[in-house]
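Engineer: For reference, this is input-v7.cif, and it has mmCIF, C-alpha atoms.
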data_target
loop_
_atom_site.label_atom_id
_atom_site.label_comp_id
_atom_site.auth_asym_id
_atom_site.auth_seq_id
_atom_site.Cartn_x
_atom_site.Cartn_y
_atom_site.Cartn_z
CA MET A 21 -18.13 13.82 -28.57
CA THR A 22 -15.75 14.65 -25.72
CA THR A 23 -12.15 13.92 -26.72
CA TYR A 24 -8.97 13.39 -24.73
CA PRO A 25 -6.14 14.39 -27.11
CA SER A 26 -3.39 13.34 -24.71
CA PHE A 27 -4.79 9.82 -24.24
CA GLN A 28 -5.73 7.07 -26.64
CA ILE A 29 -9.31 6.20 -25.81
CA ASP A 30 -11.47 4.16 -28.16
CA LYS A 31 -14.39 5.91 -29.83
CA ARG A 32 -16.85 3.44 -28.30
CA ILE A 33 -15.74 4.42 -24.81
CA LEU A 34 -15.86 8.14 -25.63
CA GLU A 35 -19.41 7.81 -26.95
CA ALA A 36 -20.43 5.80 -23.89
CA GLY A 37 -18.89 8.53 -21.73
CA ASP A 38 -21.03 11.17 -23.42
CA ARG A 39 -24.17 9.12 -22.86
CA ALA A 40 -23.17 8.66 -19.25
CA MET A 41 -22.78 12.42 -18.77
CA GLU A 42 -26.24 13.06 -20.22
CA ARG A 43 -27.71 10.44 -17.95
CA ILE A 44 -26.24 11.83 -14.75
CA ALA A 45 -26.76 15.55 -15.44
CA PRO A 46 -29.53 15.83 -12.79
CA VAL A 47 -27.39 13.81 -10.35
CA LEU A 48 -24.46 16.20 -10.74
CA ALA A 49 -26.75 19.16 -10.07
CA GLY A 50 -27.97 17.53 -6.86
CA ILE A 51 -24.40 16.87 -5.71
CA ASP A 52 -23.55 20.52 -6.33
CA GLY A 53 -26.43 21.56 -4.10
CA THR A 54 -25.18 19.45 -1.21
CA THR A 55 -21.62 20.63 -1.75
CA ASP A 56 -22.71 24.26 -1.63
CA TYR A 57 -24.56 23.65 1.65
CA ASN A 58 -21.63 21.86 3.26
CA GLN A 59 -19.09 24.39 2.03
CA GLN A 60 -21.10 27.19 3.64
CA LYS A 61 -21.18 25.15 6.84
CA MET A 62 -17.40 24.80 6.73
CA MET A 63 -16.98 28.54 6.15
CA ALA A 64 -19.15 29.18 9.20
CA ALA A 65 -17.01 26.74 11.20
CA PHE A 66 -13.83 28.66 10.35
CA ALA A 67 -15.47 31.94 11.27
CA ALA A 68 -16.81 30.58 14.58
CA ALA A 69 -13.34 29.30 15.53
CA ARG A 70 -11.80 32.68 14.57
CA VAL A 71 -9.10 30.94 12.52
CA SER A 72 -6.08 33.16 11.92
CA GLU A 73 -2.52 32.95 10.61
CA SER A 74 -1.25 32.41 14.14
CA HIS A 75 -3.07 29.07 14.29
CA PHE A 76 -0.70 27.67 11.68
CA ALA A 77 2.38 27.99 13.89
CA ALA A 78 4.21 24.78 14.78
CA SER A 79 4.56 23.48 18.31
CA THR A 80 7.12 21.00 19.58
CA GLY A 81 7.79 18.96 22.69
CA TYR A 82 4.70 18.61 24.84
CA GLY A 83 2.69 20.99 22.66
CA TYR A 84 1.25 22.85 25.63
CA GLY A 85 -1.02 25.76 24.68
CA ASP A 86 -1.14 24.95 20.95
CA ARG A 87 -3.88 27.38 19.86
CA GLY A 88 -4.02 25.93 16.37
CA ARG A 89 -4.69 22.45 17.67
CA GLU A 90 -7.55 23.77 19.77
CA ALA A 91 -9.05 25.83 16.93
CA LEU A 92 -8.86 22.86 14.57
CA ASP A 93 -10.88 20.78 17.03
CA GLN A 94 -13.46 23.57 17.11
CA VAL A 95 -13.68 23.72 13.29
CA TYR A 96 -14.34 20.00 12.97
CA ALA A 97 -16.77 19.96 15.89
CA PHE A 98 -18.82 22.73 14.26
CA ALA A 99 -18.71 21.24 10.76
CA LEU A 100 -19.62 17.74 11.99
CA GLY A 101 -22.34 18.90 14.37
CA ALA A 102 -20.49 17.63 17.44
CA GLU A 103 -20.17 18.89 20.99
CA ASP A 104 -16.45 18.28 20.73
CA ALA A 105 -13.83 16.82 18.41
CA LEU A 106 -10.33 15.42 18.63
CA VAL A 107 -8.39 15.97 15.39
CA ARG A 108 -4.79 14.82 15.32
CA HIS A 109 -2.07 14.17 12.77
CA ASN A 110 -0.82 11.28 14.92
CA PHE A 111 -3.87 9.13 14.26
CA VAL A 112 -2.05 6.91 11.80
CA CYS A 113 -5.19 5.74 9.97
CA GLY A 114 -8.95 5.50 10.31
CA THR A 115 -8.70 2.15 12.07
CA HIS A 116 -6.40 3.77 14.64
CA ALA A 117 -8.94 6.53 15.33
CA LEU A 118 -11.68 3.92 15.70
CA THR A 119 -9.47 1.84 17.99
CA VAL A 120 -8.73 4.80 20.26
CA ALA A 121 -12.45 5.54 20.43
CA LEU A 122 -13.33 1.94 21.29
CA PHE A 123 -10.66 1.59 23.96
CA GLY A 124 -11.45 5.10 25.18
CA VAL A 125 -15.04 4.35 26.18
CA LEU A 126 -15.24 0.56 26.65
CA ARG A 127 -14.14 -1.17 29.84
CA PRO A 128 -13.58 -4.80 30.88
CA GLY A 129 -16.91 -6.57 31.15
CA ASP A 130 -18.64 -4.25 28.68
CA THR A 131 -20.32 -5.54 25.53
CA MET A 132 -19.89 -4.06 22.06
CA LEU A 133 -22.81 -4.99 19.80
CA SER A 134 -22.14 -4.47 16.10
CA VAL A 135 -25.56 -3.90 14.56
CA THR A 136 -24.34 -3.86 10.94
CA GLY A 137 -22.82 -7.32 10.78
CA VAL A 138 -19.13 -8.08 10.92
CA PRO A 139 -17.00 -4.91 10.75
CA TYR A 140 -14.41 -4.02 8.13
CA ASP A 141 -11.44 -6.37 7.80
CA THR A 142 -8.83 -4.27 9.62
CA LEU A 143 -11.08 -3.76 12.67
CA GLN A 144 -11.57 -7.48 13.17
CA GLY A 145 -8.08 -7.79 14.64
CA VAL A 146 -8.80 -4.90 17.00
CA ILE A 147 -11.88 -6.69 18.30
CA GLY A 148 -10.10 -10.03 18.47
CA LEU A 149 -12.09 -11.81 15.75
CA THR A 150 -8.91 -12.48 13.76
CA GLY A 151 -5.22 -12.67 14.56
CA ASP A 152 -3.73 -13.87 17.84
CA GLY A 153 -5.82 -11.50 19.98
CA ASN A 154 -2.77 -9.73 21.40
CA GLY A 155 -3.83 -6.27 22.55
CA SER A 156 -7.38 -6.72 21.29
CA LEU A 157 -10.64 -5.79 23.00
CA ARG A 158 -11.19 -9.48 23.67
CA GLU A 159 -7.92 -9.74 25.58
CA PHE A 160 -9.11 -6.87 27.79
CA GLY A 161 -12.31 -8.72 28.63
CA ILE A 162 -14.62 -6.73 26.36
CA ARG A 163 -17.30 -8.91 24.82
CA TYR A 164 -18.26 -8.69 21.17
CA GLU A 165 -21.64 -9.58 19.70
CA GLN A 166 -23.22 -8.80 16.36
CA VAL A 167 -26.54 -8.52 14.59
CA ASP A 168 -26.30 -9.63 10.98
CA LEU A 169 -27.80 -7.59 8.20
CA THR A 170 -30.94 -8.75 6.40
CA PRO A 171 -30.51 -10.70 3.14
CA ASP A 172 -30.82 -7.45 1.18
CA GLY A 173 -28.02 -5.85 3.21
CA LYS A 174 -30.17 -3.61 5.40
CA PRO A 175 -30.14 -3.25 9.20
CA ASP A 176 -32.36 -5.79 10.91
CA TYR A 177 -34.27 -3.38 13.13
CA GLU A 178 -36.41 -6.07 14.75
CA GLU A 179 -33.38 -8.17 15.68
CA ILE A 180 -31.55 -5.08 16.95
CA ALA A 181 -34.52 -4.29 19.20
CA ARG A 182 -34.49 -7.88 20.48
CA ARG A 183 -30.75 -7.97 21.17
CA VAL A 184 -30.36 -4.59 22.82
CA GLN A 185 -30.90 -4.90 26.56
CA PRO A 186 -30.54 -2.42 29.44
CA GLY A 187 -26.91 -2.13 30.41
CA LEU A 188 -25.52 -2.64 26.90
CA LYS A 189 -22.50 -0.35 26.65
CA MET A 190 -22.15 0.19 22.90
CA ALA A 191 -24.06 -0.28 19.67
CA TYR A 192 -21.55 -0.06 16.82
CA ILE A 193 -22.49 0.99 13.30
CA GLN A 194 -20.33 0.79 10.18
CA ARG A 195 -21.72 3.34 7.77
CA SER A 196 -19.84 2.31 4.65
CA ARG A 197 -20.03 -1.04 2.91
CA GLY A 198 -16.37 -2.02 3.24
CA TYR A 199 -15.51 -4.95 0.97
CA SER A 200 -19.12 -6.03 0.67
CA LEU A 201 -22.01 -5.30 -1.64
CA ARG A 202 -24.46 -4.19 1.00
CA PRO A 203 -25.75 -0.61 0.75
CA SER A 204 -24.01 2.06 2.75
CA LEU A 205 -26.12 3.72 5.43
CA PHE A 206 -27.77 7.11 5.17
CA VAL A 207 -27.88 9.27 8.28
CA GLU A 208 -31.64 8.70 8.42
CA GLU A 209 -31.06 4.94 8.73
CA ILE A 210 -28.46 5.54 11.43
CA GLY A 211 -31.04 7.67 13.20
CA ARG A 212 -33.56 4.84 13.10
CA ILE A 213 -31.00 2.44 14.58
CA ALA A 214 -30.16 4.95 17.31
CA ALA A 215 -33.82 5.37 18.19
CA VAL A 216 -34.29 1.60 18.51
CA VAL A 217 -31.19 1.32 20.70
CA LYS A 218 -32.02 4.25 22.96
CA GLU A 219 -35.55 3.03 23.55
CA LYS A 220 -34.21 -0.21 25.07
CA ALA A 221 -30.96 1.12 26.59
CA PRO A 222 -30.99 4.92 27.00
CA ASP A 223 -27.40 5.04 28.25
CA CYS A 224 -25.99 2.90 25.45
CA ILE A 225 -23.28 4.61 23.36
CA VAL A 226 -24.15 4.64 19.66
CA MET A 227 -20.84 4.76 17.81
CA VAL A 228 -20.41 5.16 14.05
CA ASP A 229 -17.50 4.32 11.80
CA ASN A 230 -18.10 7.30 9.53
CA CYS A 231 -15.28 6.63 7.06
CA TYR A 232 -16.16 7.61 3.47
CA GLY A 233 -19.41 9.26 4.60
CA GLU A 234 -18.40 12.73 5.75
CA PHE A 235 -20.01 15.61 3.81
CA VAL A 236 -21.88 13.25 1.46
CA GLN A 237 -25.17 14.38 2.97
CA ARG A 238 -26.07 17.69 4.55
CA GLU A 239 -25.99 16.28 8.07
CA GLU A 240 -23.76 13.84 9.90
CA PRO A 241 -24.77 10.87 12.10
CA LEU A 242 -24.43 12.95 15.28
CA ALA A 243 -27.47 14.97 14.23
CA TYR A 244 -29.48 11.74 14.11
CA GLY A 245 -28.76 10.31 17.53
CA ALA A 246 -25.22 8.94 17.30
CA ASP A 247 -23.04 9.71 20.33
CA LEU A 248 -19.58 9.20 18.88
CA MET A 249 -18.01 8.78 15.46
CA ALA A 250 -14.55 8.55 13.98
CA GLY A 251 -12.80 8.60 10.63
CA SER A 252 -9.65 9.23 8.64
CA LEU A 253 -8.29 12.54 7.37
CA ILE A 254 -6.94 10.92 4.21
CA LYS A 255 -10.53 10.21 3.26
CA ASN A 256 -13.30 12.82 2.89
CA PRO A 257 -12.64 15.18 5.83
CA GLY A 258 -9.00 15.88 4.92
CA GLY A 259 -9.93 17.25 1.53
CA GLY A 260 -6.96 15.65 -0.23
CA VAL A 261 -4.60 18.05 1.54
CA ALA A 262 -4.16 16.48 5.00
CA PRO A 263 -1.02 14.31 4.79
CA THR A 264 -2.20 11.92 7.52
CA GLY A 265 -4.40 11.89 10.60
CA GLY A 266 -7.86 11.16 11.85
CA TYR A 267 -10.66 12.50 14.01
CA ILE A 268 -13.05 11.49 16.76
CA ALA A 269 -16.16 13.62 17.29
CA GLY A 270 -19.28 13.50 19.41
CA ARG A 271 -20.39 13.95 22.99
CA LYS A 272 -17.93 16.02 24.99
CA ASP A 273 -17.47 13.51 27.82
CA LEU A 274 -16.84 10.66 25.39
CA VAL A 275 -14.34 12.65 23.36
CA GLU A 276 -12.51 13.51 26.58
CA SER A 277 -12.28 9.81 27.44
CA CYS A 278 -10.86 9.15 23.98
CA ALA A 279 -8.27 11.91 24.48
CA TYR A 280 -7.19 10.19 27.70
CA ARG A 281 -6.67 7.00 25.73
CA LEU A 282 -4.76 8.74 22.94
CA THR A 283 -2.29 10.36 25.34
CA THR A 284 -2.57 9.78 29.11
CA PRO A 285 -5.26 10.09 31.78
CA GLY A 286 -5.08 13.58 33.19
CA THR A 287 -3.26 15.19 30.25
CA GLY A 288 -5.57 14.13 27.43
CA ARG A 289 -5.94 16.75 24.72
CA GLU A 290 -3.71 19.30 26.46
CA VAL A 291 -0.54 17.65 25.10
CA GLY A 292 0.60 16.70 21.64
CA ALA A 293 2.86 18.81 19.46
CA THR A 294 1.50 19.59 16.01
CA LEU A 295 4.98 19.85 14.39
CA GLY A 296 3.87 22.25 11.67
CA THR A 297 0.95 20.18 10.35
CA ASN A 298 -1.77 22.67 11.30
CA ARG A 299 -1.78 24.62 8.04
CA GLU A 300 -2.36 21.49 5.95
CA LEU A 301 -5.04 20.18 8.29
CA PHE A 302 -6.93 23.48 8.26
CA MET A 303 -6.61 23.71 4.50
CA GLY A 304 -7.78 20.13 4.09
CA ALA A 305 -10.84 20.80 6.21
CA PHE A 306 -11.65 23.86 4.11
CA HIS A 307 -11.47 21.86 0.85
CA ALA A 308 -13.25 18.78 2.21
CA PRO A 309 -16.87 19.53 1.18
CA HIS A 310 -15.87 20.45 -2.37
CA VAL A 311 -13.50 17.51 -2.85
CA THR A 312 -16.11 15.11 -1.47
CA GLY A 313 -18.54 16.46 -4.06
CA GLU A 314 -16.00 15.85 -6.84
CA ALA A 315 -15.52 12.27 -5.64
CA LEU A 316 -19.29 11.74 -5.67
CA LYS A 317 -19.48 13.00 -9.26
CA THR A 318 -16.69 10.63 -10.25
CA ALA A 319 -18.56 7.74 -8.63
CA ALA A 320 -21.80 8.58 -10.42
CA PHE A 321 -20.01 8.82 -13.77
CA THR A 322 -18.22 5.52 -13.21
CA ALA A 323 -21.55 3.84 -12.46
CA ALA A 324 -23.14 5.26 -15.60
CA LEU A 325 -20.16 4.46 -17.84
CA PHE A 326 -19.86 0.82 -16.83
CA SER A 327 -23.63 0.40 -16.94
CA GLU A 328 -23.31 1.30 -20.61
CA PHE A 329 -21.17 -1.81 -21.07
CA GLY A 330 -23.55 -4.10 -19.23
CA TYR A 331 -21.98 -4.29 -15.78
CA ASP A 332 -23.96 -4.36 -12.57
CA VAL A 333 -23.03 -1.42 -10.38
CA THR A 334 -23.94 -0.33 -6.88
CA PRO A 335 -25.05 2.30 -6.26
CA ARG A 336 -26.79 2.76 -9.60
CA PRO A 337 -25.98 5.99 -11.49
CA ASP A 338 -29.13 7.82 -10.36
CA GLU A 339 -29.35 6.26 -6.89
CA PRO A 340 -28.86 8.45 -3.79
CA ARG A 341 -25.46 7.98 -2.15
CA ALA A 342 -24.45 7.64 1.49
CA ASP A 343 -20.70 7.49 0.84
CA ILE A 344 -18.18 8.04 -1.96
CA ILE A 345 -17.64 4.36 -2.82
CA GLN A 346 -18.68 2.95 -6.18
CA THR A 347 -18.73 -0.79 -6.77
CA VAL A 348 -18.48 -2.34 -10.24
CA MET A 349 -19.08 -6.08 -10.56
CA LEU A 350 -16.49 -7.16 -13.11
CA ARG A 351 -17.23 -10.91 -12.93
CA ARG A 352 -13.70 -12.13 -13.69
CA GLU A 353 -10.36 -11.86 -11.89
CA GLU A 354 -8.50 -10.72 -15.01
CA ALA A 355 -11.12 -8.02 -15.66
CA LEU A 356 -10.70 -6.75 -12.10
CA VAL A 357 -6.93 -6.57 -12.50
CA ALA A 358 -7.26 -4.76 -15.86
CA PHE A 359 -9.72 -2.27 -14.36
CA CYS A 360 -7.35 -1.35 -11.54
CA ARG A 361 -4.41 -1.04 -13.91
CA GLY A 362 -6.43 1.40 -16.01
CA VAL A 363 -7.31 3.52 -12.99
CA GLN A 364 -3.60 3.64 -12.15
CA LYS A 365 -2.89 5.06 -15.61
CA GLY A 366 -5.23 7.93 -14.76
CA ALA A 367 -3.33 8.87 -11.62
CA PRO A 368 -1.16 12.01 -11.35
CA VAL A 369 1.45 10.06 -9.37
CA ASP A 370 2.95 6.71 -10.42
CA ALA A 371 0.84 6.48 -13.59
CA PHE A 372 3.59 4.29 -15.04
CA VAL A 373 3.27 1.69 -12.28
CA THR A 374 1.49 -1.62 -12.92
CA PRO A 375 -0.55 -2.72 -9.88
CA GLU A 376 -0.10 -6.33 -8.81
CA PRO A 377 -2.12 -8.34 -6.27
CA TRP A 378 -0.32 -8.71 -2.92
CA ASP A 379 -0.79 -10.00 0.61
CA MET A 380 -1.91 -6.78 2.30
CA PRO A 381 -1.71 -6.77 6.13
CA GLY A 382 -5.10 -7.22 7.78
CA TYR A 383 -6.77 -9.00 4.87
CA ASP A 384 -7.47 -12.70 4.33
CA SER A 385 -6.85 -12.76 0.57
CA LYS A 386 -4.64 -11.01 -1.94
CA VAL A 387 -5.61 -7.41 -2.65
CA ILE A 388 -5.03 -5.35 -5.78
CA MET A 389 -4.92 -1.61 -5.39
CA ALA A 390 -4.67 1.27 -7.82
CA ALA A 391 -3.60 4.33 -5.86
CA GLY A 392 -1.43 6.87 -7.60
CA ALA A 393 -1.83 9.54 -4.96
CA PHE A 394 0.00 12.57 -3.59
CA THR A 395 -0.64 11.10 -0.14
CA LEU A 396 0.09 7.39 0.14
CA GLY A 397 -3.15 5.44 0.56
CA ALA A 398 -5.41 8.50 0.40
CA SER A 399 -8.74 7.13 -0.79
CA ILE A 400 -10.20 10.60 -1.28
CA GLU A 401 -7.81 10.67 -4.22
CA LEU A 402 -8.86 8.47 -7.14
CA SER A 403 -8.24 4.86 -6.21
CA ALA A 404 -9.64 1.41 -6.82
CA ASP A 405 -9.01 -1.71 -4.81
CA ALA A 406 -10.43 -5.12 -4.17
CA PRO A 407 -9.64 -8.49 -2.68
CA LEU A 408 -9.17 -11.13 -5.35
CA ARG A 409 -12.19 -13.21 -4.44
CA GLU A 410 -15.77 -13.59 -5.59
CA PRO A 411 -17.63 -11.60 -6.86
CA TYR A 412 -14.52 -9.92 -8.39
CA ALA A 413 -15.92 -6.47 -7.80
CA ALA A 414 -13.87 -3.28 -7.87
CA TRP A 415 -14.42 -0.75 -5.11
CA MET A 416 -13.60 2.63 -6.59
CA GLN A 417 -13.57 5.90 -4.69
CA GLY A 418 -12.18 9.40 -4.67
CA GLY A 419 -11.18 11.98 -7.24
CA LEU A 420 -9.71 15.33 -6.23
CA ASN A 421 -11.49 16.87 -9.20
CA PHE A 422 -14.16 15.47 -11.47
CA HIS A 423 -12.22 16.13 -14.67
CA SER A 424 -9.38 13.79 -13.71
CA GLY A 425 -11.73 11.33 -12.00
CA ARG A 426 -13.81 10.94 -15.13
CA LEU A 427 -10.68 10.35 -17.16
CA GLY A 428 -9.57 7.66 -14.71
CA ALA A 429 -12.84 5.79 -15.15
CA MET A 430 -12.52 5.90 -18.93
CA LEU A 431 -8.94 4.66 -18.79
CA ALA A 432 -10.15 1.75 -16.66
CA ALA A 433 -12.58 0.86 -19.43
CA GLN A 434 -9.85 1.29 -22.04
CA SER A 435 -7.51 -1.03 -20.14
CA MET A 436 -10.21 -3.70 -20.11
CA LEU A 437 -10.89 -3.17 -23.82
CA ASP A 438 -7.17 -3.53 -24.60
CA GLU A 439 -7.26 -6.93 -22.89
CA GLY A 440 -10.39 -7.98 -24.74
CA LEU A 441 -12.37 -8.03 -21.50
CA LEU A 442 -14.74 -5.04 -21.69
CA GLY A 443 -18.33 -6.18 -21.54
CA LYS A 444 -17.44 -9.85 -20.98
#
The structure given in the file should be rewritten as structure tokens.

Structural biologist:
Amino acid sequence: MTTYPSFQIDKRILEAGDRAMERIAPVLAGIDGTTDYNQQKMMAAFAAARVSESHFAASTGYGYGDRGREALDQVYAFALGAEDALVRHNFVCGTHALTVALFGVLRPGDTMLSVTGVPYDTLQGVIGLTGDGNGSLREFGIRYEQVDLTPDGKPDYEEIARRVQPGLKMAYIQRSRGYSLRPSLFVEEIGRIAAVVKEKAPDCIVMVDNCYGEFVQREEPLAYGADLMAGSLIKNPGGGVAPTGGYIAGRKDLVESCAYRLTTPGTGREVGATLGTNRELFMGAFHAPHVTGEALKTAAFTAALFSEFGYDVTPRPDEPRADIIQTVMLRREEALVAFCRGVQKGAPVDAFVTPEPWDMPGYDSKVIMAAGAFTLGASIELSADAPLREPYAAWMQGGLNFHSGRLGAMLAAQSMLDEGLLGK
């Protein structure tokens, strides 16, 4: 039986942890295979961009001629299978990168069709679905429509084919589940959506919110027909090292339009001081495939462990994964709170803090969040969060290494046991 001498974990949880490890042994081997493939791809990206010590130098002011900034774009473009990429520390979050991409390629009178139902909470204000609409796509005369998912949470391909018409400017895909229980999308499913869209509207831009999905599979959505995608560097692609930032990647002309939106028309990507962040961003990219693999292992273990105690989980322990998120249906509000408090105890930073539900900006209900991270809000580091609403499910993700991630999952179970809630 695996023991944790520095932590008090009940024997029942330790034994369940051992059974979970036996159950997922083939899963862990499969994750290692994908990680090895993606790490080789990243090594090739660094070699192709001829990364050197000089690329780590800081630039200030306008940032003209920043070689490191240019090489970093090349690394991400290669690793993500893109014609071009825009990687910047001054993307303040994933939603910001997505917003720049949307405003970069959409124009007044265009229609954005979300083909995976309503987007993630924080993007709804960008579109103009929530809030006062100030500065939103709606205020700029950009129309929004959506195709709901099927009852089992899958893309409704027939309805997508019906709704896509010639002249449609964008079909928008959210790869990850967000705060929902629907399955996340594999690149093959994204490819099927893209094929349906392009058959009806060949010039339509297929854009993907790729947050939480980078390096989970061996290919990215761009290899399956997507034109543009964006994400956050404090999730998978920053490898737990990037202190902030985001990326946009895809077709060269579209990325150029996004660069014009990020800075100014005419200057685009040619300006923007890096202020000494290049070393961390390069290092984060290098670590990203491995760290993503460790997060996937943590997710698989969490699924297996809580299955041992009778909880419904999605994905299941042995189910293929399209992102790093693991959902555990805890059934009761107090169980959800206890779970998150246990995850916090397994954090390297702020382990002594007790998470409390709060009114988080951009959400319509209180949210509880366990996030003891070196980088504030970095969900590639072990974290768990959820809105306090039915079905009282915890969305857990991250883990810089599997050893600490596994411990965090067991401490979550221990916290629930201490409150008399485990298995209830």

Engineer: Would you kindly return, as a PyMOL selection string, each protein, DNA or RNA residue with an atom no farther than 9 Å from any atom of stretch 418-434 of chain A, considering all atoms listed in the file and excluding same-chain residues fewer than 5 positions away?

Structural biologist: chain A and resi 24+27-30+33-34+37+255-256+259-260+310-319+321-322+325-326+344-345+358-368+398-404+439+442

Engineer: Suppose you want the space between atom CA of A:Ala121 and atom CA of A:Lys220; what is it in Å?

Structural biologist: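 Atom CA of A:Ala121 sits 23.0 Å away from atom CA of A:Lys220.
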
Engineer: Where does the PyMOL selection byres ((chain A and resi 375) around 7) land in this file, that is, which residues does it pick, as a ChimeraX atom specification?

Structural biologist: /A:361,373-374,376-377,388-390

Engineer: Restricted to C-alpha atoms, what would the selected residues look like written as a compact mmCIF listing (two decimals), in the coordinates of the input?

Structural biologist:
# COMPACT_ATOMS: atom_id res chain seq x y z
CA ARG A 361 -4.41 -1.04 -13.91
CA VAL A 373 3.27 1.69 -12.28
CA THR A 374 1.49 -1.62 -12.92
CA GLU A 376 -0.10 -6.33 -8.81
CA PRO A 377 -2.12 -8.34 -6.27
CA ILE A 388 -5.03 -5.35 -5.78
CA MET A 389 -4.92 -1.61 -5.39
CA ALA A 390 -4.67 1.27 -7.82

Engineer: Do you know which residues are at most 12 Å from A:Trp378 counting all atoms listed in the file, after dropping those on the same chain fewer than 3 positions away, and could you put them as a list in words?

Structural biologist: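 Counting all atoms listed in the file, the residues come to Val357, Pro375, Pro381, Gly382, Tyr383, Asp384, Ser385, Lys386, Val387, Ile388, Met389, Ala390, Asp405, Ala406, Pro407 and Leu408 of chain A.
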
Engineer: Which protein, DNA or RNA residues have an atom at most 12 Å from (-8.3, -11.0, 14.3), counting all atoms listed in the file? List them as a PyMOL selection string.

Structural biologist: chain A and resi 138-159+381-384

Engineer: Atoms to include: C-alpha atoms. Write the selected residues as a compact mmCIF listing (two decimals), in the coordinates of the input.

Structural biologist:
# COMPACT_ATOMS: atom_id res chain seq x y z
CA VAL A 138 -19.13 -8.08 10.92
CA PRO A 139 -17.00 -4.91 10.75
CA TYR A 140 -14.41 -4.02 8.13
CA ASP A 141 -11.44 -6.37 7.80
CA THR A 142 -8.83 -4.27 9.62
CA LEU A 143 -11.08 -3.76 12.67
CA GLN A 144 -11.57 -7.48 13.17
CA GLY A 145 -8.08 -7.79 14.64
CA VAL A 146 -8.80 -4.90 17.00
CA ILE A 147 -11.88 -6.69 18.30
CA GLY A 148 -10.10 -10.03 18.47
CA LEU A 149 -12.09 -11.81 15.75
CA THR A 150 -8.91 -12.48 13.76
CA GLY A 151 -5.22 -12.67 14.56
CA ASP A 152 -3.73 -13.87 17.84
CA GLY A 153 -5.82 -11.50 19.98
CA ASN A 154 -2.77 -9.73 21.40
CA GLY A 155 -3.83 -6.27 22.55
CA SER A 156 -7.38 -6.72 21.29
CA LEU A 157 -10.64 -5.79 23.00
CA ARG A 158 -11.19 -9.48 23.67
CA GLU A 159 -7.92 -9.74 25.58
CA PRO A 381 -1.71 -6.77 6.13
CA GLY A 382 -5.10 -7.22 7.78
CA TYR A 383 -6.77 -9.00 4.87
CA ASP A 384 -7.47 -12.70 4.33

Engineer: Do you have the atom CA of A:Met63-atom CA of A:Ala99 distance handy?

Structural biologist: 8.8 Å

Engineer: With the file shown as input, list the residues that the PyMOL selection byres ((chain A and resi 411) around 7) selects, as a PDB file with C-alpha atoms, in the frame of the given file.

Structural biologist:
ATOM      1  CA  MET A 349     -19.080  -6.080 -10.560  1.00  0.00           C
ATOM      2  CA  ARG A 351     -17.230 -10.910 -12.930  1.00  0.00           C
ATOM      3  CA  ARG A 409     -12.190 -13.210  -4.440  1.00  0.00           C
ATOM      4  CA  GLU A 410     -15.770 -13.590  -5.590  1.00  0.00           C
ATOM      5  CA  TYR A 412     -14.520  -9.920  -8.390  1.00  0.00           C
ATOM      6  CA  ALA A 413     -15.920  -6.470  -7.800  1.00  0.00           C
TER       7      ALA A 413
END
